[in-house]
>>> print(open('start.cif').read())   # mmCIF, C-alpha atoms
data_input
#
loop_
_atom_site.label_atom_id
_atom_site.label_comp_id
_atom_site.auth_asym_id
_atom_site.auth_seq_id
_atom_site.Cartn_x
_atom_site.Cartn_y
_atom_site.Cartn_z
CA MET A 11 2.68 -28.28 91.50
CA LYS A 12 5.48 -26.35 93.19
CA THR A 13 6.09 -27.39 96.79
CA ARG A 14 6.54 -24.39 99.09
CA LEU A 15 8.79 -24.34 102.16
CA LEU A 16 7.08 -22.71 105.14
CA THR A 17 8.55 -21.77 108.50
CA GLY A 18 7.26 -22.24 112.03
CA GLN A 19 5.80 -18.75 111.82
CA ASP A 20 3.46 -19.69 108.96
CA ILE A 21 0.82 -21.36 111.13
CA GLU A 22 -2.24 -19.86 109.43
CA ALA A 23 -0.92 -20.57 105.93
CA ALA A 24 -0.20 -24.18 106.88
CA ALA A 25 -3.63 -24.60 108.49
CA ALA A 26 -5.28 -23.17 105.38
CA ILE A 27 -3.64 -25.86 103.24
CA LEU A 28 -5.17 -28.56 105.44
CA GLY A 29 -8.54 -26.81 105.43
CA ASP A 30 -8.52 -26.56 101.63
CA GLY A 31 -7.88 -30.28 101.16
CA GLY A 32 -4.17 -29.91 100.42
CA LEU A 33 -1.13 -31.95 101.44
CA LEU A 34 1.27 -30.56 104.03
CA GLY A 35 4.61 -31.79 105.31
CA ILE A 36 4.60 -31.49 109.10
CA PRO A 37 7.46 -31.74 111.60
CA THR A 38 7.08 -33.99 114.62
CA GLU A 39 9.45 -35.21 117.31
CA THR A 40 9.69 -38.60 115.53
CA VAL A 41 9.91 -38.00 111.75
CA TYR A 42 8.35 -35.59 109.28
CA GLY A 43 4.80 -36.54 108.32
CA LEU A 44 2.71 -36.08 105.18
CA GLY A 45 -0.49 -34.54 106.50
CA ALA A 46 -4.02 -34.00 105.22
CA ASN A 47 -7.42 -33.26 106.76
CA GLY A 48 -8.24 -36.62 108.33
CA LEU A 49 -11.98 -36.09 107.86
CA ASP A 50 -11.70 -35.38 104.10
CA PRO A 51 -11.61 -38.69 102.17
CA GLU A 52 -10.39 -37.10 98.93
CA ALA A 53 -7.54 -35.31 100.69
CA VAL A 54 -6.53 -38.54 102.44
CA ARG A 55 -6.55 -40.45 99.12
CA ARG A 56 -4.04 -37.93 97.82
CA ILE A 57 -1.64 -38.99 100.60
CA PHE A 58 -1.64 -42.52 99.18
CA GLU A 59 -1.10 -41.18 95.66
CA ALA A 60 1.75 -38.84 96.63
CA LYS A 61 3.58 -41.56 98.56
CA GLY A 62 2.78 -44.48 96.28
CA ARG A 63 1.49 -46.09 99.46
CA PRO A 64 -0.32 -49.47 99.36
CA SER A 65 -4.06 -49.00 99.84
CA ASP A 66 -4.25 -51.46 102.77
CA ASN A 67 -1.68 -49.63 104.92
CA PRO A 68 -3.67 -47.56 107.48
CA LEU A 69 -2.85 -44.03 108.60
CA ILE A 70 -2.57 -42.36 112.01
CA LEU A 71 -4.71 -39.40 113.09
CA HIS A 72 -2.81 -36.62 114.87
CA ILE A 73 -4.68 -34.55 117.45
CA PRO A 74 -3.56 -31.68 119.74
CA ASP A 75 -4.61 -33.21 123.09
CA ALA A 76 -6.53 -36.04 124.72
CA SER A 77 -9.78 -34.06 124.84
CA TRP A 78 -10.17 -34.83 121.12
CA LEU A 79 -10.14 -38.62 121.64
CA GLU A 80 -13.91 -38.95 122.09
CA ARG A 81 -14.54 -37.07 118.84
CA TYR A 82 -13.03 -39.85 116.75
CA CYS A 83 -13.03 -42.90 119.01
CA HIS A 84 -15.70 -44.64 121.11
CA ASP A 85 -15.45 -46.90 124.14
CA VAL A 86 -12.16 -45.25 125.04
CA PRO A 87 -10.73 -47.20 127.99
CA ASP A 88 -9.36 -45.53 131.09
CA THR A 89 -5.93 -46.88 130.17
CA ALA A 90 -5.92 -44.63 127.10
CA TYR A 91 -6.30 -41.54 129.27
CA THR A 92 -3.69 -42.85 131.69
CA LEU A 93 -1.22 -43.32 128.84
CA ALA A 94 -2.10 -39.94 127.34
CA GLU A 95 -1.55 -38.19 130.66
CA LYS A 96 1.86 -39.81 131.06
CA PHE A 97 3.19 -39.87 127.49
CA TRP A 98 1.36 -37.22 125.40
CA PRO A 99 2.44 -35.13 123.68
CA GLY A 100 4.92 -37.79 122.64
CA PRO A 101 5.81 -40.73 120.40
CA LEU A 102 2.89 -42.99 121.32
CA THR A 103 0.04 -44.06 119.01
CA MET A 104 -2.96 -45.86 120.50
CA ILE A 105 -5.23 -48.15 118.49
CA LEU A 106 -8.86 -47.57 119.55
CA PRO A 107 -12.38 -48.26 118.19
CA ARG A 108 -13.17 -45.57 115.62
CA ARG A 109 -16.31 -43.51 115.19
CA GLU A 110 -18.09 -43.36 111.84
CA THR A 111 -16.83 -39.80 111.34
CA VAL A 112 -13.39 -41.26 110.56
CA PRO A 113 -13.35 -42.13 106.82
CA ASP A 114 -12.68 -45.70 105.73
CA VAL A 115 -9.72 -44.51 103.67
CA VAL A 116 -7.88 -43.52 106.87
CA THR A 117 -8.26 -46.93 108.48
CA CYS A 118 -8.27 -48.99 105.26
CA GLY A 119 -11.66 -50.37 106.29
CA LEU A 120 -10.65 -51.40 109.81
CA ASP A 121 -13.04 -50.69 112.70
CA THR A 122 -10.14 -49.20 114.67
CA VAL A 123 -7.99 -46.11 114.23
CA GLY A 124 -4.49 -45.17 115.35
CA ILE A 125 -4.37 -41.82 117.10
CA ARG A 126 -1.60 -39.76 118.71
CA CYS A 127 -0.61 -36.30 119.93
CA PRO A 128 2.77 -35.29 118.46
CA ASP A 129 5.33 -33.46 120.58
CA HIS A 130 6.08 -30.53 118.30
CA PRO A 131 4.75 -27.04 119.06
CA VAL A 132 4.47 -25.98 115.43
CA THR A 133 2.44 -28.99 114.33
CA LEU A 134 0.21 -28.79 117.40
CA ALA A 135 -0.47 -25.14 116.57
CA VAL A 136 -1.26 -26.01 112.95
CA ILE A 137 -3.73 -28.74 113.95
CA ARG A 138 -5.48 -26.44 116.42
CA ALA A 139 -5.69 -23.65 113.83
CA ALA A 140 -7.07 -26.03 111.20
CA GLY A 141 -9.59 -27.45 113.68
CA VAL A 142 -9.39 -30.97 112.20
CA PRO A 143 -7.36 -34.09 112.98
CA THR A 144 -4.42 -34.56 110.64
CA ALA A 145 -3.98 -37.94 108.97
CA ALA A 146 -0.25 -38.37 108.45
CA PRO A 147 2.14 -41.19 107.62
CA SER A 148 5.87 -40.52 107.34
CA GLY A 149 6.71 -37.98 104.65
CA ASN A 150 8.76 -40.18 102.29
CA ARG A 151 7.98 -42.08 99.13
CA SER A 152 6.63 -45.49 100.15
CA GLY A 153 9.38 -47.90 101.15
CA ARG A 154 12.08 -45.21 101.45
CA PRO A 155 13.83 -44.16 104.68
CA SER A 156 11.67 -41.79 106.71
CA PRO A 157 12.70 -38.10 106.65
CA THR A 158 14.07 -36.54 109.82
CA CYS A 159 14.50 -33.03 108.35
CA ALA A 160 12.64 -30.88 105.86
CA ALA A 161 15.36 -31.29 103.21
CA HIS A 162 14.92 -35.07 103.18
CA MET A 163 11.17 -34.73 102.80
CA LEU A 164 11.59 -32.24 99.98
CA GLU A 165 13.91 -34.74 98.28
CA ASP A 166 11.06 -37.26 98.10
CA MET A 167 8.01 -35.00 97.81
CA ASP A 168 9.01 -31.93 95.78
CA GLY A 169 6.25 -31.28 93.25
CA ARG A 170 3.93 -33.84 94.82
CA ILE A 171 2.54 -31.83 97.74
CA ASP A 172 1.58 -28.24 98.48
CA ALA A 173 4.07 -27.30 101.19
CA ILE A 174 6.44 -28.47 103.92
CA VAL A 175 6.75 -26.72 107.27
CA ASP A 176 10.41 -26.65 108.27
CA GLY A 177 10.42 -27.24 112.00
CA GLY A 178 14.06 -28.26 112.31
CA PRO A 179 15.54 -31.74 112.77
CA CYS A 180 13.48 -34.40 114.55
CA GLY A 181 14.59 -35.12 118.10
CA VAL A 182 13.59 -38.80 118.32
CA GLY A 183 14.29 -40.01 114.79
CA VAL A 184 12.08 -43.11 114.56
CA GLU A 185 8.32 -43.25 114.29
CA SER A 186 5.91 -43.53 117.20
CA THR A 187 5.34 -46.68 119.20
CA ILE A 188 1.96 -48.25 118.36
CA ILE A 189 -0.03 -50.05 121.08
CA ASP A 190 -3.35 -51.79 120.42
CA LEU A 191 -5.71 -51.13 123.35
CA THR A 192 -8.64 -53.06 121.82
CA VAL A 193 -7.19 -56.42 122.90
CA THR A 194 -6.20 -58.01 126.21
CA PRO A 195 -3.37 -57.85 127.02
CA PRO A 196 -2.51 -54.70 125.04
CA ARG A 197 -0.40 -55.55 122.01
CA LEU A 198 2.69 -53.77 120.70
CA LEU A 199 2.22 -53.46 116.93
CA ARG A 200 5.24 -51.29 116.17
CA PRO A 201 8.20 -50.38 118.40
CA GLY A 202 9.13 -46.72 118.26
CA GLY A 203 10.22 -43.66 120.18
CA LEU A 204 8.58 -44.83 123.43
CA PRO A 205 10.30 -47.99 124.71
CA LEU A 206 8.27 -51.13 125.39
CA GLU A 207 9.57 -51.08 128.96
CA ALA A 208 7.87 -47.71 129.59
CA LEU A 209 4.53 -49.15 128.47
CA GLU A 210 5.00 -52.25 130.62
CA ALA A 211 5.62 -50.04 133.65
CA VAL A 212 2.11 -48.57 133.20
CA LEU A 213 0.14 -51.45 131.66
CA GLY A 214 1.79 -54.51 133.13
CA GLU A 215 1.79 -57.29 130.55
CA VAL A 216 2.17 -56.16 126.93
CA ALA A 217 2.13 -58.73 124.13
CA VAL A 218 4.51 -58.16 121.22
CA ASP A 219 3.04 -58.79 117.79
CA ARG A 220 5.10 -61.19 115.69
CA ALA A 221 5.23 -58.57 112.88
CA VAL A 222 7.69 -56.66 115.09
CA LEU A 223 10.27 -59.41 114.60
CA SER A 224 9.25 -61.04 111.29
CA PRO A 225 7.24 -60.16 108.16
CA LEU A 226 3.49 -60.70 107.89
CA SER A 227 2.32 -63.56 105.72
CA ALA A 228 0.98 -62.92 102.22
CA GLY A 229 -2.64 -61.79 102.38
CA GLU A 230 -2.50 -60.71 106.04
CA LYS A 231 -4.10 -57.30 106.65
CA PRO A 232 -1.96 -54.90 108.72
CA ARG A 233 -3.63 -53.36 111.78
CA ALA A 234 -1.20 -50.46 111.92
CA PRO A 235 1.32 -48.66 109.71
CA GLY A 236 4.65 -50.33 109.07
CA MET A 237 3.56 -53.90 109.82
CA LYS A 238 3.44 -55.49 106.37
CA TYR A 239 5.62 -53.96 103.70
CA ARG A 240 9.34 -53.45 103.18
CA HIS A 241 10.03 -50.05 104.66
CA TYR A 242 12.82 -47.57 105.25
CA ALA A 243 14.93 -49.06 102.45
CA PRO A 244 17.73 -47.35 100.53
CA LYS A 245 18.27 -48.28 96.88
CA ALA A 246 21.06 -50.77 97.63
CA PRO A 247 20.10 -54.05 99.36
CA VAL A 248 20.76 -54.21 103.10
CA THR A 249 21.95 -57.15 105.20
CA VAL A 250 21.55 -56.80 108.97
CA VAL A 251 24.09 -58.59 111.14
CA THR A 252 23.08 -59.36 114.73
CA GLY A 253 25.26 -60.51 117.60
CA GLU A 254 28.11 -59.20 119.74
CA GLY A 255 29.64 -56.03 118.29
CA GLY A 256 33.17 -57.31 117.80
CA ARG A 257 31.98 -60.43 116.01
CA THR A 258 29.57 -58.55 113.76
CA ALA A 259 32.31 -56.06 112.84
CA ARG A 260 34.69 -58.88 111.96
CA TYR A 261 32.01 -60.66 109.89
CA ILE A 262 31.27 -57.49 107.91
CA ARG A 263 34.96 -56.60 107.44
CA GLU A 264 35.62 -60.01 105.88
CA ARG A 265 32.96 -59.31 103.25
CA LEU A 266 33.91 -55.79 102.21
CA GLY A 267 34.03 -55.13 98.50
CA LYS A 268 34.73 -52.14 96.31
CA HIS A 269 31.09 -51.04 96.36
CA THR A 270 30.13 -52.04 99.91
CA GLY A 271 28.54 -49.64 102.37
CA VAL A 272 28.62 -50.15 106.14
CA ILE A 273 26.40 -48.87 108.94
CA CYS A 274 28.15 -49.39 112.26
CA PHE A 275 28.46 -48.27 115.85
CA ASP A 276 31.02 -45.57 116.60
CA GLU A 277 33.32 -48.00 118.43
CA TYR A 278 33.95 -50.00 115.25
CA ALA A 279 34.30 -47.20 112.69
CA GLY A 280 38.05 -47.79 112.26
CA GLN A 281 37.59 -51.41 111.21
CA PHE A 282 36.19 -50.78 107.71
CA PRO A 283 38.94 -49.08 105.68
CA GLY A 284 38.22 -47.94 102.16
CA CYS A 285 34.44 -48.38 102.23
CA ALA A 286 31.51 -46.01 102.34
CA LEU A 287 30.78 -45.72 106.06
CA GLN A 288 27.98 -44.30 108.20
CA THR A 289 28.10 -44.42 112.00
CA ILE A 290 24.94 -44.27 114.10
CA GLY A 291 26.31 -43.61 117.58
CA SER A 292 27.73 -45.72 120.35
CA ALA A 293 26.59 -49.32 120.79
CA ARG A 294 25.55 -48.19 124.29
CA ASP A 295 23.40 -45.27 123.09
CA PRO A 296 20.19 -46.44 121.37
CA ALA A 297 18.67 -42.94 121.57
CA GLU A 298 21.46 -41.60 119.37
CA GLN A 299 21.11 -44.62 117.06
CA ALA A 300 17.41 -43.80 116.66
CA ARG A 301 18.21 -40.20 115.71
CA ARG A 302 20.74 -41.25 113.07
CA VAL A 303 19.55 -44.53 111.56
CA PHE A 304 17.34 -43.10 108.80
CA ASP A 305 19.96 -40.53 107.80
CA ALA A 306 22.50 -43.35 107.56
CA LEU A 307 20.25 -45.47 105.35
CA ARG A 308 19.41 -42.53 103.09
CA SER A 309 23.05 -41.42 102.73
CA PHE A 310 24.06 -44.25 100.37
CA ASP A 311 21.61 -43.26 97.64
CA GLY A 312 23.35 -41.44 94.83
CA THR A 313 26.65 -43.22 95.56
CA SER A 314 28.32 -46.24 93.94
CA VAL A 315 27.34 -48.49 96.87
CA GLU A 316 25.78 -51.73 95.66
CA ALA A 317 25.35 -53.57 98.97
CA ILE A 318 25.04 -52.42 102.59
CA TYR A 319 25.88 -54.28 105.80
CA ALA A 320 24.54 -52.96 109.10
CA GLN A 321 25.41 -53.74 112.70
CA CYS A 322 22.26 -54.16 114.76
CA PRO A 323 21.54 -53.26 118.40
CA ASP A 324 19.90 -55.65 120.81
CA ASP A 325 16.20 -55.38 121.69
CA ALA A 326 16.50 -53.46 124.97
CA GLY A 327 14.86 -50.03 125.21
CA LEU A 328 14.96 -47.98 122.00
CA GLY A 329 17.21 -50.66 120.54
CA LEU A 330 14.06 -52.63 119.68
CA ALA A 331 12.84 -49.79 117.44
CA VAL A 332 16.23 -49.29 115.77
CA ALA A 333 16.60 -53.02 115.15
CA ASN A 334 13.07 -53.16 113.73
CA ARG A 335 13.80 -50.32 111.26
CA LEU A 336 17.04 -51.91 110.10
CA LYS A 337 15.43 -55.31 109.64
CA LYS A 338 12.52 -53.77 107.73
CA ALA A 339 14.99 -51.91 105.51
CA ALA A 340 16.68 -55.24 104.83
CA GLY A 341 13.40 -57.01 104.07
CA PHE A 342 14.36 -59.22 107.05
CA GLN A 343 17.58 -60.32 105.33
CA ILE A 344 19.36 -61.05 108.61
CA THR A 345 22.60 -62.84 109.50
CA ALA A 346 22.44 -63.93 113.14
CA LEU A 347 26.00 -64.77 114.16
CA GLU A 348 24.91 -66.44 117.38
CA GLU A 349 23.20 -69.01 115.17
CA VAL A 350 25.80 -69.48 112.41
CA GLU A 351 29.02 -69.43 114.48
CA PRO A 352 29.89 -71.56 117.52
#
>>> encode(input="start.cif", output="structure tokens")
Amino acid sequence: MKTRLLTGQDIEAAAAILGDGGLLGIPTETVYGLGANGLDPEAVRRIFEAKGRPSDNPLILHIPDASWLERYCHDVPDTAYTLAEKFWPGPLTMILPRRETVPDVVTCGLDTVGIRCPDHPVTLAVIRAAGVPTAAPSGNRSGRPSPTCAAHMLEDMDGRIDAIVDGGPCGVGVESTIIDLTVTPPRLLRPGGLPLEALEAVLGEVAVDRAVLSPLSAGEKPRAPGMKYRHYAPKAPVTVVTGEGGRTARYIRERLGKHTGVICFDEYAGQFPGCALQTIGSARDPAEQARRVFDALRSFDGTSVEAIYAQCPDDAGLGLAVANRLKKAAGFQITALEEVEP
């Protein structure tokens, strides 16, 4: 199979791929997704095959607006429409009870489905033209850093899928926030492009699932994408270092070797001479960190780097999502300086 590159003008060609049961790379405001007709079980199975994705890792349905919610979900609470009105199109996925029209392969047998409306005009136009919801995880090989441009997706998926629509670089850079509205209080299953604080301002109390901060136990079934498996990982092992920026920079600098890579905040870039270095923005700018973190992780592949150290933001705002992605990339291999140093 030769993977074609389409442009934002190729709406009908892209929609035809979905309608014919094909696989399509789609741009969103978060990351590029690997899309298929979400009502076609065979097409959805091909997503898992192309990615090498574990069969118990559920997918998200993408729809063009909130009027489609009742088609695929039942007992939709008023809070879902309130959130949709405020945050859609945007980086928010809601977990809701699914209708039988949603195939088991999408939800991995769960009685709920994740659903969102992406904030990208090209993808919204493609979904409307296809007339079906698009099931789409991130458009990378399973476990790899998510792609934030068409070139990165082509790197992982060339020859595995029919086409990729090049919609430019992603503006947010980390996947959508996932909130479970089937429980009380609502539960944050994955931090993402919409900060927890924004949800709390609308919903009041929001519980944070422990999988946000630590790995699931063996045998636990994930209720949403990204909860269980090592994700976002480059080829070299990653160690995340948490704590005050100056201390984490000093800790990393003392451990530099010939084949060490470093991911750091802009303020500390001069402290790691002679090593492979990627900066992700100011320590005070989590939005910029979110846009750059996956590119930074991916950049070390194909180099001589054998180990990567990464400074980690705190959990405020989008920092929670960036920290989550780094810790997932590290398989939760974390050095917490506030715990190991006086």
>>> resolve_selection(input="start.cif", expression="the PyMOL selection byres ((chain A and resi 292) around 12)", output="list in words")
Gly255, Ile273, Cys274, Phe275, Asp276, Glu277, Tyr278, Ala279, Thr289, Ile290, Gly291, Ala293, Arg294, Asp295, Pro296, Ala297, Glu298, Gln299, Ala300, Arg301, Arg302, Gln321, Cys322, Pro323 and Gly329 of chain A
>>> resolve_selection(input="start.cif", expression="the PyMOL selection byres ((chain A and resi 76) around 9)", output="compact mmCIF listing (two decimals) with C-alpha atoms, in the frame of the given file")
# COMPACT_ATOMS: atom_id res chain seq x y z
CA ILE A 73 -4.68 -34.55 117.45
CA PRO A 74 -3.56 -31.68 119.74
CA ASP A 75 -4.61 -33.21 123.09
CA SER A 77 -9.78 -34.06 124.84
CA TRP A 78 -10.17 -34.83 121.12
CA LEU A 79 -10.14 -38.62 121.64
CA GLU A 80 -13.91 -38.95 122.09
CA ALA A 90 -5.92 -44.63 127.10
CA TYR A 91 -6.30 -41.54 129.27
CA ALA A 94 -2.10 -39.94 127.34
CA GLU A 95 -1.55 -38.19 130.66
CA TRP A 98 1.36 -37.22 125.40
CA ARG A 126 -1.60 -39.76 118.71
CA CYS A 127 -0.61 -36.30 119.93
>>> resolve_selection(input="start.cif", expression="the PyMOL selection byres ((chain A and resi 15) around 10)", output="VMD selection string")
chain A and resid 12 to 14 16 to 17 20 34 to 35 160 to 161 164 168 172 to 176
>>> residues_around(input="start.cif", residues="Tyr82 in chain A", least_positions_apart="4", cutoff="9 Å", atoms="all atoms listed in the file", output="MDAnalysis selection string")
chainID A and resid 78 107:112 123 125 143
>>> write_last_selection(input="start.cif", atoms="C-alpha atoms", output="short mmCIF file (atom, residue, chain, number, x, y, z; two decimals), in the coordinates of the input")
data_model
loop_
_atom_site.label_atom_id
_atom_site.label_comp_id
_atom_site.auth_asym_id
_atom_site.auth_seq_id
_atom_site.Cartn_x
_atom_site.Cartn_y
_atom_site.Cartn_z
CA TRP A 78 -10.17 -34.83 121.12
CA PRO A 107 -12.38 -48.26 118.19
CA ARG A 108 -13.17 -45.57 115.62
CA ARG A 109 -16.31 -43.51 115.19
CA GLU A 110 -18.09 -43.36 111.84
CA THR A 111 -16.83 -39.80 111.34
CA VAL A 112 -13.39 -41.26 110.56
CA VAL A 123 -7.99 -46.11 114.23
CA ILE A 125 -4.37 -41.82 117.10
CA PRO A 143 -7.36 -34.09 112.98
#
>>> residues_around(input="start.cif", residues="Ser156 in chain A", least_positions_apart="4", cutoff="10 Å", atoms="only C-alpha atoms", output="MDAnalysis selection string")
chainID A and resid 40:43 147:152 162:163 166 183:185 241:243 303:305 307:308 335
>>> atom_distance(input="start.cif", atom1="CA of Val222 in chain A", atom2="CA of Leu199 in chain A")
6.6 Å
>>> closest_residue(input="start.cif", among="A:Ile188, A:Cys285, A:Val136, A:Leu28", to="Pro101 in chain A", atoms="only C-alpha atoms")
A:Ile188
